[in-house]
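See below for final.cif, which holds mmCIF, C-alpha atoms.
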```
data_upload
#
loop_
_atom_site.label_atom_id
_atom_site.label_comp_id
_atom_site.auth_asym_id
_atom_site.auth_seq_id
_atom_site.Cartn_x
_atom_site.Cartn_y
_atom_site.Cartn_z
CA MET A 1 148.32 108.56 23.22
CA SER A 2 148.64 105.10 21.76
CA ALA A 3 145.69 102.79 21.25
CA ALA A 4 147.15 100.43 23.85
CA ALA A 5 147.36 103.19 26.44
CA GLN A 6 143.81 104.17 25.66
CA LEU A 7 142.67 100.59 26.16
CA LEU A 8 144.57 100.38 29.44
CA LEU A 9 142.93 103.57 30.68
CA PHE A 10 139.55 102.20 29.74
CA VAL A 11 140.18 98.94 31.59
CA VAL A 12 141.41 100.80 34.68
CA ALA A 13 138.33 103.03 34.62
CA LEU A 14 135.94 100.09 34.34
CA GLY A 15 137.90 98.21 37.00
CA THR A 16 137.60 101.17 39.38
CA LEU A 17 133.85 101.32 38.83
CA GLY A 18 133.51 97.58 39.35
CA VAL A 19 135.56 97.50 42.54
CA VAL A 20 133.74 100.53 44.00
CA ILE A 21 130.30 99.08 43.29
CA THR A 22 131.29 95.74 44.82
CA LEU A 23 132.62 97.47 47.94
CA VAL A 24 129.41 99.47 48.36
CA ARG A 25 127.23 96.40 47.94
CA ARG A 26 129.24 94.58 50.56
CA GLY A 27 128.89 97.57 52.88
CA SER A 28 132.66 98.06 53.08
CA LEU A 29 132.59 101.51 51.52
CA LYS A 30 130.24 104.25 52.66
CA GLU A 31 128.01 105.58 49.90
CA ARG A 32 129.28 109.08 50.68
CA PHE A 33 132.79 108.16 49.54
CA ALA A 34 131.51 105.95 46.77
CA VAL A 35 129.83 108.93 45.10
CA LEU A 36 133.22 110.56 44.57
CA TRP A 37 134.81 107.33 43.41
CA LEU A 38 132.05 106.63 40.93
CA ALA A 39 132.36 110.17 39.58
CA LEU A 40 136.09 109.60 39.09
CA GLY A 41 135.49 106.26 37.39
CA ALA A 42 132.84 107.69 35.10
CA GLY A 43 135.12 110.60 34.22
CA LEU A 44 137.92 108.20 33.35
CA VAL A 45 135.61 106.15 31.14
CA VAL A 46 134.60 109.27 29.23
CA VAL A 47 138.20 110.35 28.77
CA ALA A 48 139.19 106.85 27.66
CA LEU A 49 136.38 106.63 25.13
CA VAL A 50 136.58 110.14 23.70
CA ARG A 51 140.07 110.28 22.31
CA PRO A 52 139.85 113.83 20.88
CA LEU A 53 138.90 115.17 24.31
CA LEU A 54 141.98 113.67 25.91
CA ASP A 55 144.20 114.86 23.07
CA ALA A 56 142.77 118.37 23.36
CA ILE A 57 143.46 118.44 27.11
CA SER A 58 147.01 117.15 26.61
CA ASP A 59 147.53 119.75 23.88
CA LYS A 60 146.33 122.64 26.01
CA LEU A 61 148.53 121.56 28.91
CA GLU A 62 151.41 120.77 26.53
CA ILE A 63 151.81 117.36 28.07
CA GLU A 64 153.24 114.59 25.95
CA GLY A 65 155.05 111.33 26.39
CA THR A 66 154.10 110.77 30.01
CA SER A 67 156.35 108.14 31.49
CA THR A 68 155.29 104.66 32.49
CA VAL A 69 156.64 105.36 35.96
CA PHE A 70 154.05 108.08 36.45
CA LEU A 71 151.34 105.77 35.23
CA ALA A 72 152.37 102.98 37.60
CA ALA A 73 152.65 105.40 40.51
CA LEU A 74 149.19 106.79 39.78
CA LEU A 75 147.62 103.36 39.66
CA VAL A 76 149.23 102.37 42.95
CA LEU A 77 148.08 105.61 44.60
CA LEU A 78 144.58 105.14 43.24
CA GLY A 79 144.38 101.71 44.82
CA LEU A 80 145.90 102.96 48.06
CA VAL A 81 143.45 105.85 48.43
CA LEU A 82 140.51 103.58 47.67
CA HIS A 83 141.78 101.22 50.35
CA LEU A 84 141.94 104.14 52.79
CA SER A 85 138.35 105.07 51.92
CA VAL A 86 137.30 101.59 52.97
CA ILE A 87 139.23 101.93 56.24
CA VAL A 88 137.73 105.36 56.96
CA SER A 89 134.27 103.93 56.31
CA ARG A 90 134.88 101.24 58.90
CA LEU A 91 136.36 103.71 61.41
CA GLU A 92 133.36 106.01 61.05
CA GLY A 93 131.08 103.14 61.94
CA GLN A 94 133.23 102.28 64.95
CA VAL A 95 133.35 105.87 66.18
CA ARG A 96 129.59 105.99 65.93
CA ASP A 97 129.13 102.74 67.87
CA ILE A 98 131.48 103.89 70.61
CA THR A 99 129.94 107.37 70.84
CA GLU A 100 126.46 105.93 71.28
CA ALA A 101 127.58 103.33 73.79
CA HIS A 102 129.48 106.02 75.68
CA ALA A 103 126.34 108.16 76.04
CA LEU A 104 124.35 105.27 77.50
CA ILE A 105 127.11 104.14 79.85
CA GLU A 106 127.81 107.66 81.05
CA HIS A 107 124.14 108.11 81.86
CA GLU A 108 124.12 104.87 83.84
CA LEU A 109 127.26 105.90 85.72
CA ARG A 110 125.80 109.26 86.69
CA GLY A 111 122.82 107.33 87.96
CA ASP A 112 120.50 110.33 87.97
CA LYS A 113 117.70 111.67 85.84
CA GLY A 114 119.72 114.47 84.23
CA MET B 1 101.66 101.41 75.69
CA LYS B 2 104.75 102.81 77.41
CA THR B 3 105.86 105.74 75.25
CA ILE B 4 108.78 108.17 75.43
CA ALA B 5 109.75 111.14 73.26
CA VAL B 6 113.19 110.95 71.66
CA ILE B 7 114.72 114.35 70.91
CA PRO B 8 118.03 114.58 69.04
CA ALA B 9 119.60 117.97 69.75
CA TYR B 10 122.67 119.71 68.41
CA ASN B 11 123.25 123.24 69.70
CA GLU B 12 119.58 123.89 70.46
CA GLU B 13 119.91 125.60 73.84
CA GLU B 14 117.38 128.27 72.81
CA THR B 15 114.52 125.87 72.17
CA VAL B 16 115.18 122.43 73.68
CA GLY B 17 113.82 123.39 77.10
CA ALA B 18 110.54 124.62 75.60
CA VAL B 19 110.15 121.40 73.59
CA VAL B 20 110.65 119.26 76.70
CA GLY B 21 108.15 121.47 78.54
CA GLN B 22 105.52 121.04 75.82
CA LEU B 23 105.91 117.26 75.96
CA ASP B 24 105.67 117.30 79.73
CA GLU B 25 102.31 119.09 79.44
CA LEU B 26 101.14 116.21 77.26
CA GLY B 27 102.28 113.78 79.92
CA LEU B 28 105.16 112.49 77.81
CA ALA B 29 108.59 111.79 79.28
CA ALA B 30 111.47 112.87 77.07
CA VAL B 31 115.02 111.72 76.46
CA VAL B 32 117.23 114.36 74.86
CA ILE B 33 120.33 113.17 73.04
CA ASP B 34 122.87 115.95 73.06
CA ASP B 35 124.88 115.19 69.93
CA GLY B 36 128.13 116.83 70.94
CA SER B 37 126.75 120.34 71.36
CA SER B 38 129.14 123.14 72.25
CA ASP B 39 126.42 125.21 73.92
CA ARG B 40 124.26 124.54 77.00
CA THR B 41 121.79 122.18 75.29
CA ALA B 42 122.31 119.38 77.84
CA GLU B 43 121.90 121.69 80.85
CA ARG B 44 118.74 123.31 79.46
CA ALA B 45 117.20 119.92 78.64
CA ALA B 46 118.00 118.54 82.09
CA ALA B 47 116.64 121.66 83.77
CA ALA B 48 113.39 121.18 81.86
CA GLY B 49 113.14 117.69 83.29
CA ALA B 50 114.35 115.49 80.43
CA THR B 51 116.68 112.53 80.69
CA VAL B 52 119.87 113.59 78.92
CA LEU B 53 122.30 111.38 77.03
CA ARG B 54 125.46 113.09 75.83
CA HIS B 55 127.52 112.18 72.80
CA PRO B 56 131.16 113.19 73.32
CA THR B 57 131.40 114.14 69.62
CA ASN B 58 128.93 115.12 66.94
CA ILE B 59 127.94 112.07 64.90
CA GLY B 60 124.71 113.24 63.27
CA VAL B 61 120.96 112.93 63.76
CA GLY B 62 120.87 109.23 62.86
CA GLY B 63 123.40 108.42 65.56
CA ALA B 64 121.53 110.48 68.13
CA LEU B 65 118.28 108.73 67.25
CA ARG B 66 119.83 105.30 67.57
CA THR B 67 121.15 106.19 71.03
CA GLY B 68 117.64 107.30 71.95
CA PHE B 69 116.07 104.12 70.57
CA ALA B 70 118.56 101.98 72.48
CA TYR B 71 117.79 103.88 75.67
CA ALA B 72 114.04 103.54 75.13
CA ALA B 73 114.24 99.82 74.42
CA ARG B 74 116.50 99.20 77.42
CA THR B 75 114.20 101.04 79.77
CA GLY B 76 111.20 98.99 78.74
CA HIS B 77 109.47 101.40 76.37
CA GLU B 78 107.56 99.87 73.49
CA ARG B 79 107.05 103.03 71.51
CA VAL B 80 108.90 106.26 70.81
CA ILE B 81 107.91 109.51 69.20
CA CYS B 82 110.73 111.43 67.53
CA VAL B 83 110.49 115.18 67.96
CA ASP B 84 112.86 117.90 66.73
CA ALA B 85 114.50 120.12 69.31
CA ASP B 86 113.93 123.31 67.29
CA LEU B 87 110.18 123.70 67.96
CA GLN B 88 109.41 122.86 64.32
CA HIS B 89 107.15 119.97 65.30
CA GLU B 90 103.78 121.10 66.62
CA PRO B 91 102.99 119.30 69.90
CA SER B 92 99.27 119.41 69.08
CA SER B 93 99.98 116.87 66.33
CA ILE B 94 101.54 114.34 68.68
CA GLY B 95 98.15 112.96 69.71
CA GLU B 96 97.21 112.38 66.08
CA LEU B 97 100.48 110.58 65.39
CA LEU B 98 100.01 108.27 68.36
CA ASP B 99 96.37 107.68 67.41
CA ALA B 100 97.41 106.79 63.87
CA ALA B 101 99.89 104.28 65.29
CA ASP B 102 97.10 102.72 67.35
CA THR B 103 94.46 102.56 64.63
CA THR B 104 96.71 101.43 61.77
CA GLY B 105 98.90 99.13 63.83
CA ALA B 106 101.84 100.36 61.74
CA GLU B 107 105.27 100.09 63.35
CA LEU B 108 106.39 103.29 61.64
CA VAL B 109 104.05 106.27 61.37
CA ILE B 110 105.38 109.33 59.58
CA GLY B 111 103.98 112.78 60.25
CA SER B 112 103.45 114.42 56.89
CA ARG B 113 103.55 118.19 56.42
CA PHE B 114 101.76 117.88 53.12
CA ALA B 115 98.92 115.46 53.89
CA GLY B 116 96.20 118.02 54.46
CA GLY B 117 98.66 120.47 56.01
CA THR B 118 99.42 123.99 54.88
CA TYR B 119 103.17 123.72 54.92
CA GLN B 120 104.97 125.79 52.30
CA VAL B 121 108.37 125.08 50.80
CA SER B 122 110.10 126.73 47.88
CA GLY B 123 109.59 125.44 44.33
CA SER B 124 112.67 123.38 43.55
CA ARG B 125 112.82 121.82 46.98
CA ARG B 126 109.15 120.91 46.89
CA LEU B 127 109.62 119.29 43.51
CA LEU B 128 112.52 117.21 44.76
CA MET B 129 110.64 116.15 47.88
CA LYS B 130 107.66 115.17 45.77
CA ALA B 131 109.75 113.08 43.36
CA LEU B 132 111.54 111.42 46.26
CA GLY B 133 108.20 110.72 47.95
CA ARG B 134 106.74 109.11 44.87
CA TRP B 135 109.79 106.92 44.39
CA ILE B 136 109.84 105.75 48.01
CA SER B 137 106.06 105.18 47.96
CA ARG B 138 106.46 102.89 44.98
CA ARG B 139 109.24 100.99 46.69
CA VAL B 140 107.38 100.42 49.94
CA GLY B 141 103.90 100.10 48.47
CA SER B 142 102.14 102.69 50.60
CA GLU B 143 101.40 106.34 49.97
CA LEU B 144 104.04 108.53 51.65
CA ASP B 145 104.26 112.15 50.59
CA ASP B 146 106.74 113.50 53.15
CA VAL B 147 109.61 111.06 53.37
CA THR B 148 112.07 113.58 54.85
CA SER B 149 109.88 114.30 57.85
CA GLY B 150 111.55 113.42 61.15
CA PHE B 151 108.28 113.64 63.09
CA ARG B 152 107.57 109.92 63.56
CA VAL B 153 106.27 107.24 65.85
CA ILE B 154 108.16 103.95 66.02
CA THR B 155 106.72 100.93 67.80
CA GLU B 156 108.15 97.56 68.76
CA PRO B 157 109.38 95.31 67.24
CA LEU B 158 110.76 97.88 64.78
CA LEU B 159 112.05 99.96 67.68
CA SER B 160 114.48 97.25 68.79
CA ARG B 161 115.64 96.69 65.23
CA PHE B 162 116.30 100.42 64.84
CA ALA B 163 118.13 100.44 68.18
CA ALA B 164 120.54 97.88 66.71
CA ASP B 165 120.83 99.32 63.21
CA TYR B 166 119.87 102.80 62.05
CA PRO B 167 121.21 104.87 59.15
CA ALA B 168 123.52 107.68 60.26
CA GLU B 169 123.94 110.16 57.49
CA PHE B 170 121.95 113.15 56.32
CA LEU B 171 118.72 111.93 54.62
CA GLY B 172 119.67 108.46 55.85
CA ASP B 173 117.95 109.02 59.17
CA THR B 174 114.73 109.88 57.35
CA VAL B 175 114.51 108.39 53.85
CA GLU B 176 116.86 105.44 54.20
CA ALA B 177 115.23 104.45 57.49
CA ILE B 178 111.90 104.03 55.69
CA LEU B 179 113.46 101.58 53.25
CA GLN B 180 115.14 99.73 56.08
CA ALA B 181 111.85 99.45 57.96
CA HIS B 182 110.14 98.17 54.85
CA ALA B 183 112.90 95.66 54.09
CA SER B 184 112.53 94.23 57.59
CA GLY B 185 108.81 93.68 57.06
CA ALA B 186 107.40 96.60 59.09
CA ARG B 187 104.08 98.25 58.19
CA ILE B 188 104.43 101.95 57.39
CA ALA B 189 101.71 104.59 57.55
CA GLN B 190 101.44 108.37 57.53
CA THR B 191 99.22 111.01 58.99
CA GLY B 192 98.98 114.76 58.49
CA VAL B 193 100.79 116.96 61.01
CA ILE B 194 101.42 120.64 61.50
CA MET B 195 104.97 121.91 61.32
CA ALA B 196 106.27 125.40 61.80
CA PRO B 197 108.31 126.74 58.90
CA ARG B 198 111.94 125.74 59.20
CA PRO B 199 113.75 128.36 61.25
CA ALA B 200 116.70 130.20 59.77
CA GLY B 201 120.00 128.38 59.55
CA GLU B 202 120.78 124.85 58.43
CA ALA B 203 120.73 126.14 54.89
CA THR B 204 122.78 123.44 53.26
CA SER B 205 124.39 124.71 50.07
CA ARG B 206 123.16 123.46 46.72
CA PHE B 207 126.46 121.69 46.24
CA HIS B 208 126.06 119.79 49.49
CA ALA B 209 122.43 119.03 48.79
CA ALA B 210 123.37 117.57 45.42
CA GLY B 211 126.03 115.41 47.07
CA HIS B 212 123.54 114.13 49.65
CA LEU B 213 121.01 113.32 46.94
CA LEU B 214 123.60 111.45 44.89
CA ARG B 215 124.53 109.46 47.95
CA LEU B 216 120.88 108.71 48.64
CA PHE B 217 120.36 107.64 45.05
CA LEU B 218 123.21 105.18 45.43
CA VAL B 219 121.70 103.90 48.67
CA LEU B 220 118.34 103.40 46.96
CA VAL B 221 120.01 101.42 44.23
CA VAL B 222 122.05 99.14 46.48
CA THR B 223 119.54 98.65 49.32
CA PRO B 224 118.04 95.20 48.93
CA ARG B 225 114.31 95.07 48.32
CA ARG B 226 112.04 93.14 50.62
CA GLY B 227 112.25 89.41 49.99
CA ARG B 228 115.47 89.61 48.06
CA ALA B 229 117.64 90.48 51.04
#
```
Just give me the structure as structure tokens.
Amino acid sequence: MSAAAQLLLFVVALGTLGVVITLVRRGSLKERFAVLWLALGAGLVVVALVRPLLDAISDKLEIEGTSTVFLAALLVLLGLVLHLSVIVSRLEGQVRDITEAHALIEHELRGDKG
Amino acid sequence: MKTIAVIPAYNEEETVGAVVGQLDELGLAAVVIDDGSSDRTAERAAAAGATVLRHPTNIGVGGALRTGFAYAARTGHERVICVDADLQHEPSSIGELLDAADTTGAELVIGSRFAGGTYQVSGSRRLLMKALGRWISRRVGSELDDVTSGFRVITEPLLSRFAADYPAEFLGDTVEAILQAHASGARIAQTGVIMAPRPAGEATSRFHAAGHLLRLFLVLVVTPRRGRA
């Protein structure tokens, strides 16, 4: 892997961490999902910093000369899945609100003690 | 003060009726929130004389509690006592919890298994609970040694705030709620209670427990401290 690619990986990893932390602070991303995202980001940082580790993994898997297309696709998918995590976080909150409201309204409609 | 017991219940048909009965003997009305049970929890609770609110799906203890708080606040109650549906919480301790709320004037009173109690938990879990307790105590500035206890009394105005906003996820409904109460300016106190050993089941795997703790750690880090919110 070239030094430029290594730098790019490092920047992407840091960027992922930064975006995830911002989303959690704003309350847009549930901490439950954020844990996984932060683990991924931290893993990427390690891989980007420890060149021999990455080379050893590539060697073992006999992977070399990965194409730029794959890289671009991966980055797009990464962003897309993170975006979906944010949406799922919001939906979970909405399902919860509606479930709770439903319980209260149903009780009122039944109009009895039980 | 007008008080009602809030009982979140998920598939507790074996015990929920007995819990409601015990509360009735103490002269406490109960609202059971059936959190999407697939068994006869709602029927048993209603038969025992409780008001029953049913969630169409399972959304977790925190959601069930918030439904209960909203119901209590709407029906003019100023104070709730949260009781588990599995008979783990000893009804003889309810009086002490309510007394502690009266004497301390705290809006949140937590029933602690460890404060003078004889409750036993296994080594690693105890250690974790202790560390968590110390950390939370430091954050909120009062001594709390059982932050995962769900045996609590909540009084207005905190009750209305919890009815509007209450953490949903595992450990959120206990630990995170303490931080939220503190951040909103509520006084927090604890008193010793008796709890039966946790019945079989609900043995979350170590993997899951680690995930929940990581999540909680993140929550602790990002939750604004009082005054800085």
Measuring between only C-alpha atoms, which one of B:Ala73, B:Val20, B:Ala64, B:Met129 shows the shortest distance to Leu159 (chain B)?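 Residue with the minimum atom-to-atom distance to Leu159 (chain B): B:Ala73.
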Neighbour list for Asp165 (chain B) as an MDAnalysis selection string, cut-off 12 Å, all atoms listed in the file, skip fewer than 4 positions in-chain: (chainID A and resid 93 96:97 100) or (chainID B and resid 62:63 65:67 69:70 158:161 172:173 176:177 180:181 184)
Kindly provide, as a PyMOL selection string, the residues of chain A having any atom no farther than 7 Å from an atom of chain B, counting all atoms listed in the file. chain A and resi 25+31-32+35+96+99-100+103-104+107+113-114
Quick one: distance from CA of Ser85 (chain A) to CA of Leu8 (chain A) in Å, one decimal? 23.8 Å
Between CA of Leu144 (chain B) and CA of Ala115 (chain B), what is the distance, to one decimal in Å? 8.9 Å
For a quick check of understanding, using all atoms listed in the file, which of B:Lys130, B:Arg113, B:Lys2, B:Arg206 has the smallest distance to Glu78 (chain B)?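 Of B:Lys130, B:Arg113, B:Lys2, B:Arg206, the one nearest Glu78 (chain B), counting all atoms listed in the file, is B:Lys2.
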Selected by the PyMOL selection byres ((chain B and resi 137) around 12) in the shown coordinates: which residues, as number ranges by chain? B: 129-136, 138-147, 175, 178-179, 182, 188-190
Place a sphere of radius 9 Å on (104.5, 115.9, 68.1) in the file coordinates and name every protein, DNA or RNA residue with an atom inside or on its surface, counting all atoms listed in the file; give the answer as a list in words. Ala5, Leu23, Ile81, Cys82, Val83, Asp84, His89, Glu90, Pro91, Ser92, Ser93, Ile94, Gly95, Glu96, Leu97, Leu98, Gly111, Phe151, Arg152, Val193 and Ile194 of chain B
Applying 10 Å and only C-alpha atoms, which residues near region 53-62 of chain A remain after dropping the ones on its own chain fewer than 5 positions away? List them as a list in words. Met1, Gln6, Val46, Val47 and Ala48 of chain A
Starting from the shown file, work through the PyMOL selection byres ((chain B and resi 80) around 6) and note down what comes out as an MDAnalysis selection string. chainID B and resid 3:5 79 81 153:154
Contacts of Leu49 (chain A) within 12 Å, only C-alpha atoms, excl. fewer than 4 positions in-chain, as a list of chain:residue names: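 The filter keeps A:Ala3, A:Ala5, A:Gln6, A:Leu7, A:Leu8, A:Leu9, A:Phe10, A:Val11, A:Ala13, A:Leu14, A:Ala42, A:Gly43, A:Leu44, A:Val45, A:Leu53, A:Leu54, A:Asp55.
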Mind writing the picked residues with C-alpha atoms as a short mmCIF file (atom, residue, chain, number, x, y, z; two decimals), keeping the file's coordinate frame?
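Result file is again-v1.cif:
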```
data_model
loop_
_atom_site.label_atom_id
_atom_site.label_comp_id
_atom_site.auth_asym_id
_atom_site.auth_seq_id
_atom_site.Cartn_x
_atom_site.Cartn_y
_atom_site.Cartn_z
CA ALA A 3 145.69 102.79 21.25
CA ALA A 5 147.36 103.19 26.44
CA GLN A 6 143.81 104.17 25.66
CA LEU A 7 142.67 100.59 26.16
CA LEU A 8 144.57 100.38 29.44
CA LEU A 9 142.93 103.57 30.68
CA PHE A 10 139.55 102.20 29.74
CA VAL A 11 140.18 98.94 31.59
CA ALA A 13 138.33 103.03 34.62
CA LEU A 14 135.94 100.09 34.34
CA ALA A 42 132.84 107.69 35.10
CA GLY A 43 135.12 110.60 34.22
CA LEU A 44 137.92 108.20 33.35
CA VAL A 45 135.61 106.15 31.14
CA LEU A 53 138.90 115.17 24.31
CA LEU A 54 141.98 113.67 25.91
CA ASP A 55 144.20 114.86 23.07
#
```
Considering only C-alpha atoms, state which residue in the set A:Gly27, A:Phe33, A:Ser2, A:Gln94 is at the smallest distance from Arg51 (chain A).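 Closest candidate: A:Ser2.
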Find the spatial neighbours of Lys30 (chain A), counting only C-alpha atoms, within a cut-off of 9 Å - ignore same-chain residues fewer than 5 positions away - and output them as a PyMOL selection string. chain A and resi 23-24+35+85-86+88-90
What does the distance from CA of Arg40 (chain B) to CA of Ala85 (chain B) come to in Å, to one decimal?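 Atom-to-atom, CA of Arg40 (chain B) and CA of Ala85 (chain B) are spaced 13.2 Å apart.
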